[in-house]
Amino acid sequence: MDVRIESMASDCSATIHVDLRQVIYALSDALDLVGIDDVAHGKRVGIMAAACGRELGLNPAQITALFDLGVLHDIGVSSTTTHSHLVSEFDWESSQNHCDIGYTLLRDFAPLAALAEPVLYHHTRWEKLVQLTDVSREVIEQANLVYLVDRVDALAAPHYAEGVLMYSSEIRAQIVAHAGTYFSPELVDAFLAASATEAFWLQLEPRGIQDIMQEMLEQGSGCQASIGELKQIAEIFSRIVDTKSPFTAVHSLGVSRLARFFAKGMGVSPENCDKLEIAGLLHDLGKLRVPDEVLDKPGRLDERERTIMNAHSFETFQILRHIKGFEEVTQWAACHHEEPDASGYPFHLHSGDLPLEARILRVADIFQAMAQDRPYRPGLSAEAVLEFMNRLVAEGRIEAAIVRVAALDMPGAMAAARPAVNA
Ligand SMILES: [Fe+2]
Ligand SMILES: [Fe+2]
Ligand SMILES: [Fe+2]
């Protein structure tokens, strides 16, 4: 990432030494989880876009930008249903919606703002793109190249398990058939040149993908993120998770604010308050892999559905654990469903093994879920939330000292739990 912002808004001067590029690539794993059983779409699109960029003679910075664009192009997709339409239909009628969402998420985050416009146009046909007079040539080419390789991946997706190489001629022919209409003839030529080798297709297998991700990461190391940037990127991803389901409108944001509220009351250091806020924003990232019909099921989950749902906190762990400097954030976020008597999941840890911040996050998660409006009922009142929390204290499931912080200022706790969107 060549853009570096030193002093974005932060209410704490402490720093976390984290490489922004590592955060972005790790979080892109969360986007890829929306594919459920096929969890590398964005990465493959990035790899193919970069390979075509090399064929076009672009410079290293432009190739990296194409790679990043590919990795993040589906940042507007959190629904598993939307994802399956996008990979199973060549030109799905509702595809523009996720481009608009992606554009909105990216445009205000300075380090990634340059990707916003190409994301907006990554499902617009070439013949329409060239008529847009207010869009730069570079954006048009980036957007159209991502569209092209994105469609290559959609055509290839059913064949990755058995080996895609056997289908490469067929896929190349399908792309050629859309030259001049969907795709720029020049970009189609670049794709044909890049994809003429076996290596192009074989690198799309899981082992190849991991190696390339590692290489790209090594190129970008040394760029430290500020707390403000980390909070911003975490907030972007929390919005992706929260908008996945009508049940969770501002859940992650509310959990994050509440966790800070409790932590302040418990005397947690300002630096850890910041980290806890980030952990709150990211704690349910793993829910991106939960199919829409399970997450949105109005009634009780059956055993199979419960098993799928309960994997989400371990998925969160898997995504965050690769970020150096995020060790505590990862632990706190991953442990939000652990119970004091070790009956929780995914690690079955006793409360004695859980740091205060993780225990706070768990209380914030439960509190917010009670206070949150649901499609079928408004959120509980302050009195009802407090009564529920006190019942859990009595049952030994959460700590009295943490709930006491809320009891002393219920209006403050409720305001933190139900933030206005854009607040
Ligand atoms: Fe895509
Ligand atoms: Fe959760
Ligand atoms: Fe949660």
# chains A, B, ... in the order shown; residues from 1 in each chain; ligands from 1

call {"tool": "residues_near_ligand", "arguments": {"ligand": "ligand 3", "cutoff": "12 Å", "atoms": "only C-alpha atoms and all ligand atoms", "output": "MDAnalysis selection string"}}
result
chainID A and resid 238 241:242 247:256 258:259 279:287 295 309:310 312:313 316 333:337 361:370 372 417

call {"tool": "write_last_selection", "arguments": {"atoms": "N, CA and C atoms", "output": "compact mmCIF listing (two decimals), in the first residue's frame"}}
result
# COMPACT_ATOMS: atom_id res chain seq x y z
N SER A 238 -17.05 -4.57 9.69
CA SER A 238 -18.19 -4.79 10.59
C SER A 238 -19.49 -4.46 9.86
N VAL A 241 -20.45 -7.44 7.76
CA VAL A 241 -21.06 -8.50 8.57
C VAL A 241 -22.47 -8.09 9.01
N ASP A 242 -22.59 -6.85 9.51
CA ASP A 242 -23.88 -6.43 10.07
C ASP A 242 -24.97 -6.35 9.01
N PHE A 247 -31.22 -9.28 11.13
CA PHE A 247 -31.22 -9.53 12.58
C PHE A 247 -30.10 -8.78 13.29
N THR A 248 -29.14 -8.33 12.52
CA THR A 248 -27.92 -7.83 13.17
C THR A 248 -27.54 -6.42 12.71
N ALA A 249 -28.54 -5.59 12.42
CA ALA A 249 -28.31 -4.29 11.77
C ALA A 249 -27.04 -3.54 12.20
N VAL A 250 -26.89 -3.29 13.49
CA VAL A 250 -25.68 -2.58 13.95
C VAL A 250 -24.99 -3.38 15.06
N HIS A 251 -25.13 -4.70 15.01
CA HIS A 251 -24.64 -5.52 16.11
C HIS A 251 -23.15 -5.30 16.39
N SER A 252 -22.31 -5.46 15.38
CA SER A 252 -20.86 -5.39 15.63
C SER A 252 -20.45 -4.00 16.12
N LEU A 253 -21.05 -2.99 15.51
CA LEU A 253 -20.73 -1.61 15.92
C LEU A 253 -21.17 -1.39 17.38
N GLY A 254 -22.37 -1.87 17.72
CA GLY A 254 -22.87 -1.73 19.08
C GLY A 254 -22.01 -2.50 20.08
N VAL A 255 -21.60 -3.70 19.71
CA VAL A 255 -20.75 -4.52 20.60
C VAL A 255 -19.43 -3.78 20.84
N SER A 256 -18.91 -3.20 19.78
CA SER A 256 -17.64 -2.48 19.87
C SER A 256 -17.75 -1.27 20.82
N LEU A 258 -20.05 -0.78 23.13
CA LEU A 258 -20.35 -1.25 24.48
C LEU A 258 -19.10 -1.80 25.16
N ALA A 259 -18.30 -2.53 24.40
CA ALA A 259 -17.09 -3.13 24.97
C ALA A 259 -16.19 -2.02 25.50
N ALA A 279 -11.62 -5.45 18.28
CA ALA A 279 -12.09 -6.85 18.46
C ALA A 279 -13.61 -6.91 18.40
N GLY A 280 -14.27 -5.91 18.97
CA GLY A 280 -15.74 -5.88 18.93
C GLY A 280 -16.25 -5.74 17.51
N LEU A 281 -15.60 -4.90 16.73
CA LEU A 281 -16.02 -4.71 15.33
C LEU A 281 -15.85 -5.99 14.52
N LEU A 282 -14.84 -6.78 14.88
CA LEU A 282 -14.50 -7.94 14.04
C LEU A 282 -14.98 -9.28 14.61
N HIS A 283 -15.60 -9.29 15.79
CA HIS A 283 -15.82 -10.57 16.48
C HIS A 283 -16.68 -11.56 15.69
N ASP A 284 -17.63 -11.07 14.90
CA ASP A 284 -18.52 -11.98 14.18
C ASP A 284 -18.17 -12.12 12.69
N LEU A 285 -16.94 -11.77 12.32
CA LEU A 285 -16.51 -11.90 10.92
C LEU A 285 -16.81 -13.28 10.35
N GLY A 286 -16.61 -14.30 11.17
CA GLY A 286 -16.81 -15.68 10.73
C GLY A 286 -18.24 -15.95 10.28
N LYS A 287 -19.18 -15.08 10.66
CA LYS A 287 -20.59 -15.28 10.25
C LYS A 287 -20.76 -15.12 8.75
N LEU A 295 -28.58 -18.06 9.10
CA LEU A 295 -28.44 -16.83 9.89
C LEU A 295 -29.79 -16.13 10.07
N MET A 309 -23.64 -22.66 12.59
CA MET A 309 -23.62 -21.33 13.21
C MET A 309 -22.47 -21.23 14.23
N ASN A 310 -22.31 -22.27 15.05
CA ASN A 310 -21.33 -22.19 16.12
C ASN A 310 -19.88 -22.24 15.64
N HIS A 312 -18.74 -20.07 13.73
CA HIS A 312 -18.35 -18.72 13.31
C HIS A 312 -17.24 -18.11 14.15
N SER A 313 -17.21 -18.39 15.46
CA SER A 313 -16.17 -17.72 16.25
C SER A 313 -14.79 -18.33 15.97
N THR A 316 -13.65 -16.68 12.81
CA THR A 316 -13.10 -15.36 13.14
C THR A 316 -11.63 -15.51 13.57
N ALA A 333 -11.60 -11.58 20.35
CA ALA A 333 -12.70 -11.72 19.39
C ALA A 333 -13.14 -13.18 19.28
N ALA A 334 -12.16 -14.08 19.29
CA ALA A 334 -12.48 -15.50 19.05
C ALA A 334 -13.17 -16.13 20.26
N CYS A 335 -13.04 -15.50 21.44
CA CYS A 335 -13.54 -16.13 22.67
C CYS A 335 -14.88 -15.57 23.12
N HIS A 336 -15.61 -14.92 22.24
CA HIS A 336 -16.83 -14.25 22.72
C HIS A 336 -17.97 -15.21 23.01
N HIS A 337 -17.82 -16.49 22.70
CA HIS A 337 -18.85 -17.46 23.08
C HIS A 337 -18.33 -18.48 24.09
N LEU A 361 -16.01 -8.58 26.28
CA LEU A 361 -16.57 -8.69 24.93
C LEU A 361 -17.78 -9.61 24.92
N ARG A 362 -17.70 -10.67 25.69
CA ARG A 362 -18.81 -11.61 25.78
C ARG A 362 -20.05 -10.93 26.36
N VAL A 363 -19.84 -10.14 27.44
CA VAL A 363 -20.97 -9.44 28.05
C VAL A 363 -21.56 -8.43 27.05
N ALA A 364 -20.67 -7.73 26.36
CA ALA A 364 -21.15 -6.74 25.38
C ALA A 364 -21.94 -7.42 24.27
N ASP A 365 -21.51 -8.60 23.85
CA ASP A 365 -22.19 -9.34 22.78
C ASP A 365 -23.62 -9.70 23.20
N ILE A 366 -23.75 -10.18 24.43
CA ILE A 366 -25.09 -10.59 24.91
C ILE A 366 -25.97 -9.35 25.12
N PHE A 367 -25.40 -8.33 25.75
CA PHE A 367 -26.14 -7.10 26.04
C PHE A 367 -26.67 -6.50 24.74
N GLN A 368 -25.80 -6.39 23.73
CA GLN A 368 -26.22 -5.76 22.48
C GLN A 368 -27.33 -6.57 21.82
N ALA A 369 -27.20 -7.90 21.85
CA ALA A 369 -28.21 -8.75 21.21
C ALA A 369 -29.59 -8.54 21.84
N MET A 370 -29.61 -8.28 23.15
CA MET A 370 -30.88 -8.03 23.82
C MET A 370 -31.44 -6.65 23.47
N GLN A 372 -30.82 -4.90 20.78
CA GLN A 372 -30.98 -4.71 19.33
C GLN A 372 -32.43 -4.91 18.85
N ALA A 417 -24.99 0.61 22.95
CA ALA A 417 -25.45 -0.63 22.32
C ALA A 417 -26.22 -0.39 21.04

call {"tool": "residues_around", "arguments": {"residues": "range 396-410 of chain A", "least_positions_apart": "6", "cutoff": "9 Å", "atoms": "only C-alpha atoms", "output": "VMD selection string"}}
result
chain A and resid 261 to 263 265 to 266 339 to 341 359 to 360 362 to 363 382 to 383 386 389 to 390

call {"tool": "write_last_selection", "arguments": {"atoms": "C-alpha atoms", "output": "short mmCIF file (atom, residue, chain, number, x, y, z; two decimals), in the first residue's frame"}}
result
data_model
loop_
_atom_site.label_atom_id
_atom_site.label_comp_id
_atom_site.auth_asym_id
_atom_site.auth_seq_id
_atom_site.Cartn_x
_atom_site.Cartn_y
_atom_site.Cartn_z
CA PHE A 261 -17.92 1.48 27.61
CA PHE A 262 -17.49 -1.53 29.92
CA ALA A 263 -13.72 -1.52 29.59
CA GLY A 265 -15.61 1.43 33.62
CA MET A 266 -13.39 -1.52 34.55
CA GLU A 339 -18.58 -19.69 29.09
CA PRO A 340 -17.01 -19.34 32.57
CA ASP A 341 -17.47 -23.07 33.28
CA ARG A 359 -14.93 -11.55 29.25
CA ILE A 360 -16.04 -7.98 28.62
CA ARG A 362 -18.81 -11.61 25.78
CA VAL A 363 -20.97 -9.44 28.05
CA ALA A 382 -33.12 -0.79 29.53
CA GLU A 383 -34.90 -2.35 32.51
CA LEU A 386 -30.56 -5.21 32.94
CA MET A 389 -28.10 -9.58 32.50
CA ASN A 390 -28.61 -9.86 36.27
#

call {"tool": "closest_residue", "arguments": {"among": "A:Ala114, A:Val18, A:Val39, A:Leu165", "to": "Lys275 in chain A", "atoms": "only C-alpha atoms"}}
result
A:Val18

call {"tool": "atom_distance", "arguments": {"atom1": "CA of Ala116 in chain A", "atom2": "CA of Gln62 in chain A"}}
result
15.3 Å

call {"tool": "closest_residue", "arguments": {"among": "A:Pro60, A:Gly412, A:Gly70, A:Gly228", "to": "Ser28 in chain A", "atoms": "only C-alpha atoms"}}
result
A:Gly70

call {"tool": "closest_atom_pairs", "arguments": {"of": "chain A", "to": "ligand 1", "cutoff": "7 Å", "atoms": "only C-alpha atoms and all ligand atoms", "output": "CSV"}}
result
residue,atom,partner,partner_atom_place_in_ligand_line,distance
A:His41,CA,ligand 1,1 (Fe),6.7
A:Gly42,CA,ligand 1,1 (Fe),6.5
A:His73,CA,ligand 1,1 (Fe),6.3
A:Asp74,CA,ligand 1,1 (Fe),5.2
A:Leu86,CA,ligand 1,1 (Fe),6.7
A:Asp150,CA,ligand 1,1 (Fe),5.1

call {"tool": "residues_around", "arguments": {"residues": "Leu33 in chain A", "least_positions_apart": "3", "cutoff": "7 Å", "atoms": "only C-alpha atoms", "output": "list in words"}}
result
Asp29, Ala30, Ile36, Val39, Leu288 and Arg289 of chain A

call {"tool": "decode", "arguments": {"residues": "range 350-366 of chain A", "atoms": "N, CA and C atoms", "output": "mmCIF file, in the first residue's frame"}}
result
data_model
loop_
_atom_site.group_PDB
_atom_site.id
_atom_site.type_symbol
_atom_site.label_atom_id
_atom_site.label_comp_id
_atom_site.auth_asym_id
_atom_site.auth_seq_id
_atom_site.Cartn_x
_atom_site.Cartn_y
_atom_site.Cartn_z
ATOM 1 N N HIS A 350 -11.863 -22.072 30.490
ATOM 2 C CA HIS A 350 -12.431 -21.627 31.771
ATOM 3 C C HIS A 350 -12.254 -20.131 31.906
ATOM 4 N N SER A 351 -13.101 -19.494 32.728
ATOM 5 C CA SER A 351 -12.991 -18.032 32.875
ATOM 6 C C SER A 351 -11.596 -17.638 33.368
ATOM 7 N N GLY A 352 -10.972 -18.513 34.159
ATOM 8 C CA GLY A 352 -9.629 -18.206 34.651
ATOM 9 C C GLY A 352 -8.604 -18.088 33.529
ATOM 10 N N ASP A 353 -8.897 -18.681 32.393
ATOM 11 C CA ASP A 353 -7.970 -18.622 31.256
ATOM 12 C C ASP A 353 -8.327 -17.508 30.278
ATOM 13 N N LEU A 354 -9.395 -16.786 30.587
ATOM 14 C CA LEU A 354 -9.834 -15.727 29.663
ATOM 15 C C LEU A 354 -9.475 -14.359 30.230
ATOM 16 N N PRO A 355 -8.770 -13.534 29.476
ATOM 17 C CA PRO A 355 -8.459 -12.199 29.986
ATOM 18 C C PRO A 355 -9.727 -11.361 30.163
ATOM 19 N N LEU A 356 -9.620 -10.342 30.976
ATOM 20 C CA LEU A 356 -10.775 -9.482 31.263
ATOM 21 C C LEU A 356 -11.415 -8.972 29.968
ATOM 22 N N GLU A 357 -10.587 -8.575 29.005
ATOM 23 C CA GLU A 357 -11.124 -7.995 27.771
ATOM 24 C C GLU A 357 -12.029 -8.997 27.035
ATOM 25 N N ALA A 358 -11.635 -10.276 27.036
ATOM 26 C CA ALA A 358 -12.463 -11.290 26.375
ATOM 27 C C ALA A 358 -13.775 -11.458 27.118
ATOM 28 N N ARG A 359 -13.699 -11.397 28.445
ATOM 29 C CA ARG A 359 -14.930 -11.546 29.251
ATOM 30 C C ARG A 359 -15.843 -10.344 29.040
ATOM 31 N N ILE A 360 -15.243 -9.184 28.892
ATOM 32 C CA ILE A 360 -16.042 -7.978 28.619
ATOM 33 C C ILE A 360 -16.739 -8.107 27.262
ATOM 34 N N LEU A 361 -16.005 -8.584 26.275
ATOM 35 C CA LEU A 361 -16.574 -8.685 24.932
ATOM 36 C C LEU A 361 -17.785 -9.615 24.920
ATOM 37 N N ARG A 362 -17.696 -10.668 25.691
ATOM 38 C CA ARG A 362 -18.814 -11.615 25.776
ATOM 39 C C ARG A 362 -20.047 -10.929 26.364
ATOM 40 N N VAL A 363 -19.840 -10.141 27.436
ATOM 41 C CA VAL A 363 -20.974 -9.443 28.054
ATOM 42 C C VAL A 363 -21.558 -8.435 27.051
ATOM 43 N N ALA A 364 -20.675 -7.732 26.357
ATOM 44 C CA ALA A 364 -21.145 -6.739 25.375
ATOM 45 C C ALA A 364 -21.944 -7.419 24.266
ATOM 46 N N ASP A 365 -21.507 -8.601 23.852
ATOM 47 C CA ASP A 365 -22.188 -9.341 22.778
ATOM 48 C C ASP A 365 -23.616 -9.696 23.203
ATOM 49 N N ILE A 366 -23.753 -10.183 24.429
ATOM 50 C CA ILE A 366 -25.086 -10.587 24.912
ATOM 51 C C ILE A 366 -25.966 -9.350 25.121
#
